[in-house]
file structure-v9.txt (compact mmCIF, N, CA, C and O atoms)
# COMPACT_ATOMS: atom_id res chain seq x y z
N MET A 1 7.85 7.13 -14.30
CA MET A 1 7.39 7.30 -12.94
C MET A 1 8.55 7.01 -11.98
O MET A 1 9.23 6.00 -12.11
N ALA A 2 8.74 7.89 -11.04
CA ALA A 2 9.85 7.73 -10.09
C ALA A 2 9.58 6.57 -9.14
O ALA A 2 8.45 6.20 -8.88
N LYS A 3 10.67 6.03 -8.63
CA LYS A 3 10.61 4.97 -7.62
C LYS A 3 11.25 5.53 -6.35
O LYS A 3 11.98 6.52 -6.38
N TYR A 4 11.01 4.84 -5.25
CA TYR A 4 11.55 5.26 -3.97
C TYR A 4 12.34 4.12 -3.35
O TYR A 4 12.03 2.95 -3.58
N ALA A 5 13.35 4.47 -2.58
CA ALA A 5 14.18 3.48 -1.91
C ALA A 5 14.48 3.98 -0.50
O ALA A 5 14.29 5.16 -0.18
N VAL A 6 14.98 3.07 0.32
CA VAL A 6 15.32 3.40 1.70
C VAL A 6 16.83 3.25 1.87
O VAL A 6 17.42 2.29 1.39
N LYS A 7 17.43 4.23 2.54
CA LYS A 7 18.85 4.17 2.86
C LYS A 7 18.99 4.16 4.39
O LYS A 7 18.24 4.84 5.09
N VAL A 8 19.96 3.39 4.87
CA VAL A 8 20.20 3.28 6.31
C VAL A 8 21.66 3.64 6.61
O VAL A 8 22.54 3.49 5.76
N PRO A 9 21.91 4.14 7.83
CA PRO A 9 23.28 4.51 8.19
C PRO A 9 24.22 3.32 8.16
O PRO A 9 23.84 2.19 8.47
N PHE A 10 25.47 3.60 7.77
CA PHE A 10 26.50 2.57 7.74
C PHE A 10 27.83 3.28 7.91
O PHE A 10 28.18 4.15 7.12
N GLY A 11 28.56 2.94 8.93
CA GLY A 11 29.85 3.57 9.14
C GLY A 11 29.77 4.72 10.12
O GLY A 11 28.75 4.96 10.76
N ASP A 12 30.88 5.43 10.20
CA ASP A 12 31.02 6.48 11.20
C ASP A 12 30.58 7.87 10.72
O ASP A 12 30.23 8.72 11.51
N GLU A 13 30.64 8.09 9.43
CA GLU A 13 30.30 9.40 8.89
C GLU A 13 28.79 9.53 8.73
O GLU A 13 28.10 8.57 8.41
N GLU A 14 28.29 10.73 8.93
CA GLU A 14 26.84 10.96 8.86
C GLU A 14 26.27 10.65 7.48
O GLU A 14 25.14 10.19 7.35
N ASP A 15 27.04 10.91 6.44
CA ASP A 15 26.53 10.68 5.09
C ASP A 15 26.86 9.29 4.55
O ASP A 15 26.60 9.00 3.38
N ASP A 16 27.41 8.40 5.38
CA ASP A 16 27.65 7.02 4.97
C ASP A 16 26.34 6.25 5.09
O ASP A 16 25.86 6.00 6.20
N ARG A 17 25.77 5.88 3.96
CA ARG A 17 24.49 5.19 3.96
C ARG A 17 24.49 4.10 2.89
O ARG A 17 25.15 4.23 1.87
N LEU A 18 23.72 3.07 3.15
CA LEU A 18 23.54 1.97 2.20
C LEU A 18 22.07 1.86 1.84
O LEU A 18 21.19 2.11 2.67
N PHE A 19 21.82 1.43 0.60
CA PHE A 19 20.44 1.13 0.21
C PHE A 19 20.00 -0.16 0.88
O PHE A 19 20.78 -1.10 1.02
N VAL A 20 18.74 -0.23 1.28
CA VAL A 20 18.15 -1.49 1.72
C VAL A 20 17.97 -2.33 0.46
O VAL A 20 17.52 -1.84 -0.58
N THR A 21 18.37 -3.60 0.56
CA THR A 21 18.33 -4.47 -0.62
C THR A 21 17.41 -5.66 -0.39
O THR A 21 16.97 -5.93 0.73
N GLU A 22 17.16 -6.37 -1.48
CA GLU A 22 16.39 -7.61 -1.43
C GLU A 22 17.00 -8.56 -2.44
O GLU A 22 17.69 -8.14 -3.36
N GLY A 23 16.74 -9.84 -2.26
CA GLY A 23 17.23 -10.81 -3.20
C GLY A 23 17.10 -12.22 -2.66
O GLY A 23 16.78 -12.41 -1.48
N ASP A 24 17.37 -13.18 -3.52
CA ASP A 24 17.20 -14.57 -3.11
C ASP A 24 18.47 -15.19 -2.53
O ASP A 24 18.40 -16.22 -1.88
N THR A 25 19.62 -14.59 -2.76
CA THR A 25 20.86 -15.04 -2.13
C THR A 25 21.69 -13.80 -1.81
O THR A 25 21.41 -12.71 -2.31
N LYS A 26 22.74 -13.97 -1.03
CA LYS A 26 23.55 -12.80 -0.68
C LYS A 26 24.36 -12.29 -1.86
O LYS A 26 24.93 -11.21 -1.80
N PHE A 27 24.42 -13.04 -2.95
CA PHE A 27 25.18 -12.61 -4.12
C PHE A 27 24.29 -12.06 -5.22
O PHE A 27 24.78 -11.59 -6.24
N LYS A 28 22.98 -12.12 -5.06
CA LYS A 28 22.05 -11.60 -6.07
C LYS A 28 21.11 -10.59 -5.41
O LYS A 28 19.92 -10.81 -5.30
N LEU A 29 21.70 -9.49 -4.97
CA LEU A 29 20.92 -8.46 -4.29
C LEU A 29 20.61 -7.31 -5.24
O LEU A 29 21.35 -7.05 -6.18
N ARG A 30 19.53 -6.64 -4.96
CA ARG A 30 19.16 -5.44 -5.71
C ARG A 30 18.51 -4.46 -4.74
O ARG A 30 18.03 -4.84 -3.68
N ILE A 31 18.49 -3.21 -5.12
CA ILE A 31 17.86 -2.20 -4.28
C ILE A 31 16.37 -2.50 -4.18
O ILE A 31 15.71 -2.77 -5.18
N LYS A 32 15.86 -2.48 -2.96
CA LYS A 32 14.42 -2.69 -2.75
C LYS A 32 13.71 -1.39 -3.14
O LYS A 32 13.95 -0.34 -2.56
N LEU A 33 12.86 -1.47 -4.16
CA LEU A 33 12.18 -0.30 -4.70
C LEU A 33 10.71 -0.29 -4.30
O LEU A 33 10.09 -1.35 -4.17
N PHE A 34 10.19 0.91 -4.15
CA PHE A 34 8.79 1.10 -3.79
C PHE A 34 8.13 2.01 -4.82
O PHE A 34 8.73 2.96 -5.31
N GLU A 35 6.87 1.72 -5.11
CA GLU A 35 6.10 2.51 -6.07
C GLU A 35 5.63 3.84 -5.48
O GLU A 35 5.45 4.81 -6.21
N SER A 36 5.41 3.87 -4.17
CA SER A 36 4.92 5.10 -3.54
C SER A 36 5.83 5.50 -2.39
O SER A 36 6.46 4.67 -1.74
N ILE A 37 5.85 6.80 -2.14
CA ILE A 37 6.66 7.30 -1.03
C ILE A 37 6.10 6.82 0.30
O ILE A 37 6.86 6.57 1.25
N GLN A 38 4.80 6.64 0.38
CA GLN A 38 4.18 6.16 1.62
C GLN A 38 4.67 4.75 1.96
O GLN A 38 5.01 4.45 3.10
N ASP A 39 4.70 3.86 0.95
CA ASP A 39 5.20 2.50 1.18
C ASP A 39 6.66 2.53 1.62
O ASP A 39 7.07 1.78 2.51
N ALA A 40 7.44 3.40 0.99
CA ALA A 40 8.86 3.50 1.36
C ALA A 40 9.01 4.02 2.79
O ALA A 40 9.85 3.52 3.55
N ARG A 41 8.21 4.98 3.17
CA ARG A 41 8.27 5.52 4.55
C ARG A 41 7.89 4.46 5.58
O ARG A 41 8.50 4.38 6.64
N GLU A 42 6.88 3.68 5.26
CA GLU A 42 6.49 2.61 6.19
C GLU A 42 7.62 1.60 6.36
O GLU A 42 7.87 1.13 7.47
N HIS A 43 8.30 1.28 5.27
CA HIS A 43 9.41 0.33 5.37
C HIS A 43 10.59 0.97 6.12
O HIS A 43 11.25 0.31 6.91
N ALA A 44 10.83 2.25 5.88
CA ALA A 44 11.92 2.95 6.58
C ALA A 44 11.70 2.94 8.09
O ALA A 44 12.66 2.83 8.86
N ASP A 45 10.45 3.01 8.51
CA ASP A 45 10.14 2.98 9.95
C ASP A 45 10.64 1.69 10.60
O ASP A 45 11.01 1.69 11.77
N LEU A 46 10.67 0.61 9.83
CA LEU A 46 11.17 -0.67 10.37
C LEU A 46 12.66 -0.60 10.70
O LEU A 46 13.15 -1.35 11.54
N TRP A 47 13.37 0.30 10.03
CA TRP A 47 14.83 0.41 10.20
C TRP A 47 15.22 1.43 11.25
O TRP A 47 16.40 1.61 11.53
N GLY A 48 14.26 2.13 11.81
CA GLY A 48 14.57 3.08 12.88
C GLY A 48 14.57 4.52 12.40
O GLY A 48 14.39 4.82 11.22
N PRO A 49 14.80 5.42 13.35
CA PRO A 49 14.65 6.85 13.07
C PRO A 49 15.71 7.44 12.13
O PRO A 49 15.51 8.52 11.59
N ASN A 50 16.81 6.75 11.92
CA ASN A 50 17.87 7.29 11.07
C ASN A 50 17.77 6.84 9.62
O ASN A 50 18.58 7.25 8.78
N ALA A 51 16.79 6.00 9.31
CA ALA A 51 16.59 5.58 7.92
C ALA A 51 15.96 6.74 7.14
O ALA A 51 15.18 7.51 7.68
N THR A 52 16.34 6.85 5.88
CA THR A 52 15.81 7.92 5.04
C THR A 52 15.22 7.34 3.75
O THR A 52 15.67 6.30 3.27
N VAL A 53 14.25 8.04 3.21
CA VAL A 53 13.64 7.66 1.94
C VAL A 53 14.22 8.58 0.87
O VAL A 53 14.32 9.79 1.06
N VAL A 54 14.63 7.99 -0.24
CA VAL A 54 15.15 8.76 -1.36
C VAL A 54 14.33 8.46 -2.60
O VAL A 54 13.84 7.35 -2.79
N GLU A 55 14.18 9.46 -3.43
CA GLU A 55 13.48 9.30 -4.69
C GLU A 55 14.52 9.04 -5.77
O GLU A 55 15.52 9.76 -5.88
N LEU A 56 14.30 8.01 -6.56
CA LEU A 56 15.21 7.69 -7.65
C LEU A 56 14.59 8.19 -8.94
O LEU A 56 13.41 7.96 -9.22
N ALA A 57 15.38 8.87 -9.74
CA ALA A 57 14.89 9.38 -11.01
C ALA A 57 14.52 8.25 -11.94
O ALA A 57 14.99 7.13 -11.80
N ASP A 58 13.67 8.56 -12.90
CA ASP A 58 13.23 7.56 -13.87
C ASP A 58 14.39 6.89 -14.60
O ASP A 58 14.34 5.73 -14.94
N ASP A 59 15.45 7.65 -14.81
CA ASP A 59 16.58 7.12 -15.56
C ASP A 59 17.70 6.59 -14.67
O ASP A 59 18.80 6.34 -15.11
N TYR A 60 17.39 6.38 -13.38
CA TYR A 60 18.38 5.84 -12.45
C TYR A 60 18.78 4.45 -12.91
O TYR A 60 17.93 3.59 -13.15
N GLU A 61 20.06 4.24 -13.07
CA GLU A 61 20.55 2.96 -13.57
C GLU A 61 20.83 2.02 -12.41
O GLU A 61 21.57 2.32 -11.50
N ILE A 62 20.19 0.86 -12.45
CA ILE A 62 20.38 -0.15 -11.42
C ILE A 62 21.07 -1.34 -12.07
O ILE A 62 20.57 -1.89 -13.04
N LEU A 63 22.23 -1.68 -11.56
CA LEU A 63 22.95 -2.82 -12.11
C LEU A 63 22.32 -4.12 -11.64
O LEU A 63 22.04 -4.29 -10.47
N LEU A 64 22.08 -5.02 -12.54
CA LEU A 64 21.50 -6.31 -12.19
C LEU A 64 22.53 -7.40 -12.32
O LEU A 64 23.44 -7.37 -13.04
call {"tool": "encode", "arguments": {"input": "structure-v9.txt", "output": "structure tokens"}}
result
Amino acid sequence: MAKYAVKVPFGDEEDDRLFVTEGDTKFKLRIKLFESIQDAREHADLWGPNATVVELADDYEILL
């Protein structure tokens, strides 16, 4: 089952984006994942109009 994530603008280029992350310290961060696109869209709204929702494939590798 696919997961969804939110990306926000970062830098000067239009395609410069960072994933929204979560974690318990600034050194143990991970991509904040959502089970549904609706949940991801609601969270993206908190980041403003330039935030985007992306679908991550089932085999997307996330480094822990």
call {"tool": "closest_residue", "arguments": {"input": "structure-v9.txt", "among": "A:Ala57, A:Trp47, A:Ser36, A:Thr52", "to": "Phe19 in chain A", "atoms": "all atoms listed in the file"}}
result
A:Thr52
call {"tool": "atom_distance", "arguments": {"input": "structure-v9.txt", "atom1": "CA of Phe34 in chain A", "atom2": "CA of Val20 in chain A"}}
result
11.2 Å
call {"tool": "residues_around", "arguments": {"input": "structure-v9.txt", "residues": "Thr21 in chain A", "least_positions_apart": "5", "cutoff": "8 Å", "atoms": "only N, CA, C and O atoms", "output": "CSV table (one decimal) with N, CA, C and O atoms, keeping the file's coordinate frame"}}
result
chain,number,residue,atom,x,y,z
A,6,VAL,N,15.0,3.1,0.3
A,6,VAL,CA,15.3,3.4,1.7
A,6,VAL,C,16.8,3.2,1.9
A,6,VAL,O,17.4,2.3,1.4
A,28,LYS,N,23.0,-12.1,-5.1
A,28,LYS,CA,22.0,-11.6,-6.1
A,28,LYS,C,21.1,-10.6,-5.4
A,28,LYS,O,19.9,-10.8,-5.3
A,29,LEU,N,21.7,-9.5,-5.0
A,29,LEU,CA,20.9,-8.5,-4.3
A,29,LEU,C,20.6,-7.3,-5.2
A,29,LEU,O,21.4,-7.0,-6.2
A,30,ARG,N,19.5,-6.6,-5.0
A,30,ARG,CA,19.2,-5.4,-5.7
A,30,ARG,C,18.5,-4.5,-4.7
A,30,ARG,O,18.0,-4.8,-3.7
A,31,ILE,N,18.5,-3.2,-5.1
A,31,ILE,CA,17.9,-2.2,-4.3
A,31,ILE,C,16.4,-2.5,-4.2
A,31,ILE,O,15.7,-2.8,-5.2
A,32,LYS,N,15.9,-2.5,-3.0
A,32,LYS,CA,14.4,-2.7,-2.8
A,32,LYS,C,13.7,-1.4,-3.1
A,32,LYS,O,14.0,-0.3,-2.6
A,33,LEU,N,12.9,-1.5,-4.2
A,33,LEU,CA,12.2,-0.3,-4.7
A,33,LEU,C,10.7,-0.3,-4.3
A,33,LEU,O,10.1,-1.4,-4.2
call {"tool": "select_by_dssp", "arguments": {"input": "structure-v9.txt", "residues": "chain A", "states": "strand (DSSP E or B)", "output": "list in words"}}
result
Lys3, Tyr4, Ala5, Val6, Lys7, Val8, Pro9, Arg17, Leu18, Phe19, Thr21, Glu22, Gly23, Leu29, Arg30, Ile31, Phe34, Thr52, Val53, Val54, Glu55 and Leu56 of chain A
call {"tool": "atom_distance", "arguments": {"input": "structure-v9.txt", "atom1": "atom C of Pro9 in chain A", "atom2": "atom O of Asn50 in chain A"}}
result
6.9 Å
call {"tool": "select_by_dssp", "arguments": {"input": "structure-v9.txt", "residues": "chain A", "states": "helix (DSSP H, G or I)", "output": "PyMOL selection string"}}
result
chain A and resi 37-46
call {"tool": "atom_distance", "arguments": {"input": "structure-v9.txt", "atom1": "CA of Ala40 in chain A", "atom2": "atom O of Val54 in chain A"}}
result
7.5 Å
call {"tool": "closest_residue", "arguments": {"input": "structure-v9.txt", "among": "A:Arg41, A:Pro49, A:Thr25, A:Glu35", "to": "Met1 in chain A", "atoms": "only N, CA, C and O atoms"}}
result
A:Glu35
call {"tool": "build_atoms", "arguments": {"input": "structure-v9.txt", "residues": "range 46-57 of chain A", "atoms": "all heavy atoms", "output": "short mmCIF file (atom, residue, chain, number, x, y, z; two decimals), keeping the file's coordinate frame"}}
result
data_model
loop_
_atom_site.label_atom_id
_atom_site.label_comp_id
_atom_site.auth_asym_id
_atom_site.auth_seq_id
_atom_site.Cartn_x
_atom_site.Cartn_y
_atom_site.Cartn_z
N LEU A 46 10.67 0.61 9.83
CA LEU A 46 11.17 -0.67 10.37
C LEU A 46 12.66 -0.60 10.70
O LEU A 46 13.15 -1.35 11.54
CB LEU A 46 10.93 -1.80 9.37
CG LEU A 46 9.49 -2.09 8.98
CD1 LEU A 46 9.45 -3.13 7.87
CD2 LEU A 46 8.71 -2.57 10.19
N TRP A 47 13.37 0.30 10.03
CA TRP A 47 14.83 0.41 10.20
C TRP A 47 15.22 1.43 11.25
O TRP A 47 16.40 1.61 11.53
CB TRP A 47 15.48 0.75 8.86
CG TRP A 47 15.44 -0.40 7.91
CD1 TRP A 47 14.47 -0.67 6.99
CD2 TRP A 47 16.38 -1.45 7.81
NE1 TRP A 47 14.77 -1.82 6.32
CE2 TRP A 47 15.94 -2.33 6.80
CE3 TRP A 47 17.57 -1.75 8.48
CZ2 TRP A 47 16.64 -3.47 6.45
CZ3 TRP A 47 18.26 -2.89 8.11
CH2 TRP A 47 17.80 -3.73 7.11
N GLY A 48 14.26 2.13 11.81
CA GLY A 48 14.57 3.08 12.88
C GLY A 48 14.57 4.52 12.40
O GLY A 48 14.39 4.82 11.22
N PRO A 49 14.80 5.42 13.35
CA PRO A 49 14.65 6.85 13.07
C PRO A 49 15.71 7.44 12.13
O PRO A 49 15.51 8.52 11.59
CB PRO A 49 14.74 7.49 14.46
CG PRO A 49 15.53 6.52 15.27
CD PRO A 49 15.15 5.16 14.74
N ASN A 50 16.81 6.75 11.92
CA ASN A 50 17.87 7.29 11.07
C ASN A 50 17.77 6.84 9.62
O ASN A 50 18.58 7.25 8.78
CB ASN A 50 19.24 6.93 11.63
CG ASN A 50 19.48 7.60 12.96
OD1 ASN A 50 19.08 8.74 13.17
ND2 ASN A 50 20.10 6.90 13.88
N ALA A 51 16.79 6.00 9.31
CA ALA A 51 16.59 5.58 7.92
C ALA A 51 15.96 6.74 7.14
O ALA A 51 15.18 7.51 7.68
CB ALA A 51 15.68 4.36 7.87
N THR A 52 16.34 6.85 5.88
CA THR A 52 15.81 7.92 5.04
C THR A 52 15.22 7.34 3.75
O THR A 52 15.67 6.30 3.27
CB THR A 52 16.89 8.95 4.67
OG1 THR A 52 17.96 8.28 4.02
CG2 THR A 52 17.42 9.67 5.89
N VAL A 53 14.25 8.04 3.21
CA VAL A 53 13.64 7.66 1.94
C VAL A 53 14.22 8.58 0.87
O VAL A 53 14.32 9.79 1.06
CB VAL A 53 12.11 7.81 2.00
CG1 VAL A 53 11.49 7.59 0.63
CG2 VAL A 53 11.53 6.84 3.01
N VAL A 54 14.63 7.99 -0.24
CA VAL A 54 15.15 8.76 -1.36
C VAL A 54 14.33 8.46 -2.60
O VAL A 54 13.84 7.35 -2.79
CB VAL A 54 16.65 8.46 -1.62
CG1 VAL A 54 17.49 8.93 -0.47
CG2 VAL A 54 16.88 6.99 -1.89
N GLU A 55 14.18 9.46 -3.43
CA GLU A 55 13.48 9.30 -4.69
C GLU A 55 14.52 9.04 -5.77
O GLU A 55 15.52 9.76 -5.88
CB GLU A 55 12.68 10.55 -5.04
CG GLU A 55 11.91 10.43 -6.32
CD GLU A 55 11.06 11.66 -6.62
OE1 GLU A 55 10.97 12.55 -5.76
OE2 GLU A 55 10.50 11.71 -7.71
N LEU A 56 14.30 8.01 -6.56
CA LEU A 56 15.21 7.69 -7.65
C LEU A 56 14.59 8.19 -8.94
O LEU A 56 13.41 7.96 -9.22
CB LEU A 56 15.44 6.18 -7.73
CG LEU A 56 16.03 5.54 -6.48
CD1 LEU A 56 16.19 4.05 -6.68
CD2 LEU A 56 17.36 6.17 -6.11
N ALA A 57 15.38 8.87 -9.74
CA ALA A 57 14.89 9.38 -11.01
C ALA A 57 14.52 8.25 -11.94
O ALA A 57 14.99 7.13 -11.80
CB ALA A 57 15.97 10.25 -11.64
#
